[in-house]
Number of protein chains: 2
Amino acid sequence: MSSIEEKCKIKGVRLTDQRKLIAKIMSEAKDHPDVDELHRRVSAIDKKVSIATVYRTVKLFEEASIIDKHDFKGGKARYEKSPDEHHDHLIDVNSGEIIEFTNEEIEKLQKQVARKLGYKLVDHKLELYGTKIKD
Amino acid sequence: MSSIEEKCKIKGVRLTDQRKLIAKIMSEAKDHPDVDELHRRVSAIDKKVSIATVYRTVKLFEEASIIDKHDFKGGKARYEKSPDEHHDHLIDVNSGEIIEFTNEEIEKLQKQVARKLGYKLVDHKLELYGTKIKD
DNA sequence: ATAATTGCAAATGCTTTGCTTGTGA
DNA sequence: TCACAAGCAAAGCATTTGCAATTAT
């Protein structure tokens, strides 16, 4: 059983064949697929799953905090399974490749900035866009 | 003449009545209007300006680095005139209000993170989402 | 003069939804 | 059993675009 499927059980999300399949594929994904790509991977195993179901399922998983949605530049939403520890993203503007990173210092400073402005931080988005340095 | 209109002159952007009007409204805006809101403000002065022209113009201004586009949560793009000094945004998740802030420390750390990963930072996005702390 | 710009409406691309049929607990 | 989910096609929403008419330089 995939890790996402387990989370569904815990959260009382009803499991259908389609959802199990999407859960499995998202659990195993090492990248950040958009809905089209996800549907492509799903279809490779079960052609009958409609893209509407993929849309409904990623939304469901996202609302249950089982997967995370990202709106990187490019128009289409991309997803990844919710990580155990938070991380941010650096996007290679040439290749589209996404590198994950964490930086405690920045996290801390964000909270400080928010507090100083009179706010409690409930969410944040940090995306770095860069070009590879040739060595 | 509005500050955006001046930049257009400098960059050789052809100035039409519509563009002058949009330039003026964006120059004076103290918030981050979306295209609909911008069109509403433009229409209050000249009803004949179409929303297609507003779309074309914000795109043109953005590509000329005269205004900045933001994709905050909510689906529609929002714009502000390019500031002299860079800043980031904190969005009040309850009211939608946007507070601008700068933090040199965070900026520096971002560059460091990118470099450490083998990248040159060409752009970045930092958005904080928070709730007001009652005092 | 003439290449660029506008307005309009139609087209686009991603995402959501109504409805009927199918199905998990 | 039966409330919920899936499939399909149609609808929605923000944004873009083709084309004929208009305009800035």
# chains A, B, ... in the order shown; residues from 1 in each chain; ligands from 1

$ interface_residues --of "chain C" --to "chain B" --cutoff "12 Å" --atoms "only C-alpha atoms (C1' of nucleotides)" --output "PyMOL selection string"
chain C and resi 3-9+14-15

$ write_last_selection --atoms "N, CA, C and O atoms (P, O5', C5', C4', C3', O3' and C1' of nucleotides)" --output "PDB file, in the first residue's frame"
ATOM      1  P    DA C   3       5.360  49.110 -44.187  1.00  0.00           P
ATOM      2  O5'  DA C   3       5.777  48.691 -42.711  1.00  0.00           O
ATOM      3  C5'  DA C   3       6.525  49.596 -41.908  1.00  0.00           C
ATOM      4  C4'  DA C   3       5.974  49.608 -40.485  1.00  0.00           C
ATOM      5  C3'  DA C   3       5.672  48.219 -39.916  1.00  0.00           C
ATOM      6  O3'  DA C   3       6.113  48.192 -38.563  1.00  0.00           O
ATOM      7  C1'  DA C   3       3.731  49.553 -39.799  1.00  0.00           C
ATOM      8  P    DA C   4       5.801  47.015 -37.587  1.00  0.00           P
ATOM      9  O5'  DA C   4       4.861  47.710 -36.488  1.00  0.00           O
ATOM     10  C5'  DA C   4       5.238  48.979 -35.950  1.00  0.00           C
ATOM     11  C4'  DA C   4       4.111  49.505 -35.092  1.00  0.00           C
ATOM     12  C3'  DA C   4       3.619  48.525 -34.042  1.00  0.00           C
ATOM     13  O3'  DA C   4       3.336  49.246 -32.861  1.00  0.00           O
ATOM     14  C1'  DA C   4       1.832  49.161 -35.419  1.00  0.00           C
ATOM     15  P    DT C   5       2.718  48.603 -31.606  1.00  0.00           P
ATOM     16  O5'  DT C   5       1.178  49.001 -31.719  1.00  0.00           O
ATOM     17  C5'  DT C   5       0.816  50.376 -31.627  1.00  0.00           C
ATOM     18  C4'  DT C   5      -0.693  50.482 -31.504  1.00  0.00           C
ATOM     19  C3'  DT C   5      -1.319  49.597 -30.431  1.00  0.00           C
ATOM     20  O3'  DT C   5      -2.253  50.397 -29.717  1.00  0.00           O
ATOM     21  C1'  DT C   5      -2.379  49.227 -32.492  1.00  0.00           C
ATOM     22  P    DT C   6      -3.028  49.836 -28.487  1.00  0.00           P
ATOM     23  O5'  DT C   6      -4.517  49.749 -29.051  1.00  0.00           O
ATOM     24  C5'  DT C   6      -5.188  50.933 -29.460  1.00  0.00           C
ATOM     25  C4'  DT C   6      -6.506  50.566 -30.120  1.00  0.00           C
ATOM     26  C3'  DT C   6      -7.430  49.750 -29.226  1.00  0.00           C
ATOM     27  O3'  DT C   6      -8.626  50.479 -29.027  1.00  0.00           O
ATOM     28  C1'  DT C   6      -7.224  48.781 -31.413  1.00  0.00           C
ATOM     29  P    DG C   7      -9.572  50.132 -27.783  1.00  0.00           P
ATOM     30  O5'  DG C   7     -10.846  49.482 -28.482  1.00  0.00           O
ATOM     31  C5'  DG C   7     -11.212  49.852 -29.782  1.00  0.00           C
ATOM     32  C4'  DG C   7     -12.261  48.903 -30.339  1.00  0.00           C
ATOM     33  C3'  DG C   7     -13.070  48.089 -29.305  1.00  0.00           C
ATOM     34  O3'  DG C   7     -14.422  48.051 -29.756  1.00  0.00           O
ATOM     35  C1'  DG C   7     -11.890  46.612 -30.753  1.00  0.00           C
ATOM     36  P    DC C   8     -15.606  47.579 -28.852  1.00  0.00           P
ATOM     37  O5'  DC C   8     -15.985  46.161 -29.484  1.00  0.00           O
ATOM     38  C5'  DC C   8     -16.272  46.049 -30.884  1.00  0.00           C
ATOM     39  C4'  DC C   8     -16.076  44.617 -31.339  1.00  0.00           C
ATOM     40  C3'  DC C   8     -16.640  43.574 -30.367  1.00  0.00           C
ATOM     41  O3'  DC C   8     -17.843  43.035 -30.909  1.00  0.00           O
ATOM     42  C1'  DC C   8     -14.537  42.932 -31.312  1.00  0.00           C
ATOM     43  P    DA C   9     -18.694  41.967 -30.030  1.00  0.00           P
ATOM     44  O5'  DA C   9     -18.421  40.620 -30.828  1.00  0.00           O
ATOM     45  C5'  DA C   9     -17.864  40.667 -32.153  1.00  0.00           C
ATOM     46  C4'  DA C   9     -17.177  39.351 -32.444  1.00  0.00           C
ATOM     47  C3'  DA C   9     -17.819  38.155 -31.737  1.00  0.00           C
ATOM     48  O3'  DA C   9     -17.737  37.022 -32.588  1.00  0.00           O
ATOM     49  C1'  DA C   9     -15.569  38.337 -31.057  1.00  0.00           C
ATOM     50  P    DC C  14      -2.815  23.778 -21.021  1.00  0.00           P
ATOM     51  O5'  DC C  14      -3.523  23.938 -19.609  1.00  0.00           O
ATOM     52  C5'  DC C  14      -3.131  25.011 -18.762  1.00  0.00           C
ATOM     53  C4'  DC C  14      -4.203  25.225 -17.717  1.00  0.00           C
ATOM     54  C3'  DC C  14      -4.467  24.003 -16.832  1.00  0.00           C
ATOM     55  O3'  DC C  14      -4.402  24.424 -15.472  1.00  0.00           O
ATOM     56  C1'  DC C  14      -6.494  24.860 -17.702  1.00  0.00           C
ATOM     57  P    DT C  15      -4.465  23.352 -14.277  1.00  0.00           P
ATOM     58  O5'  DT C  15      -6.032  23.400 -13.949  1.00  0.00           O
ATOM     59  C5'  DT C  15      -6.597  24.656 -13.595  1.00  0.00           C
ATOM     60  C4'  DT C  15      -8.086  24.524 -13.450  1.00  0.00           C
ATOM     61  C3'  DT C  15      -8.553  23.363 -12.564  1.00  0.00           C
ATOM     62  O3'  DT C  15      -9.222  23.927 -11.435  1.00  0.00           O
ATOM     63  C1'  DT C  15      -9.851  23.533 -14.536  1.00  0.00           C
TER      64       DT C  15
END

$ interface_residues --of "chain B" --to "chain A" --cutoff "6 Å" --atoms "only C-alpha atoms" --output "number ranges by chain"
B: 106, 118-133

$ interface_residues --of "chain D" --to "chain A" --cutoff "12 Å" --atoms "only C-alpha atoms (C1' of nucleotides)" --output "PyMOL selection string"
chain D and resi 3-9+14-15

$ residues_around --residues "region 59-68 of chain B" --least-positions-apart "4" --cutoff "7 Å" --atoms "only C-alpha atoms (C1' of nucleotides)" --output "number ranges by chain"
B: 4, 7, 55, 79-82

$ residues_around --residues "Ile45 (chain B)" --least-positions-apart "5" --cutoff "12 Å" --atoms "only C-alpha atoms (C1' of nucleotides)" --output "list in words"
Asp17, Gln18, Lys20, Leu21, Ile22, Lys24, Ile25, Leu38, His39 and Arg40 of chain B

$ atom_distance --atom1 "CA of Lys69 (chain B)" --atom2 "CA of His32 (chain B)"
9.1 Å

$ atom_distance --atom1 "CA of Val54 (chain A)" --atom2 "CA of Lys76 (chain A)"
13.9 Å

$ select_by_dssp --residues "chain B" --states "strand (DSSP E or B)" --output "PyMOL selection string"
chain B and resi 34+67-70+78-81+88-92+98-101+119-132
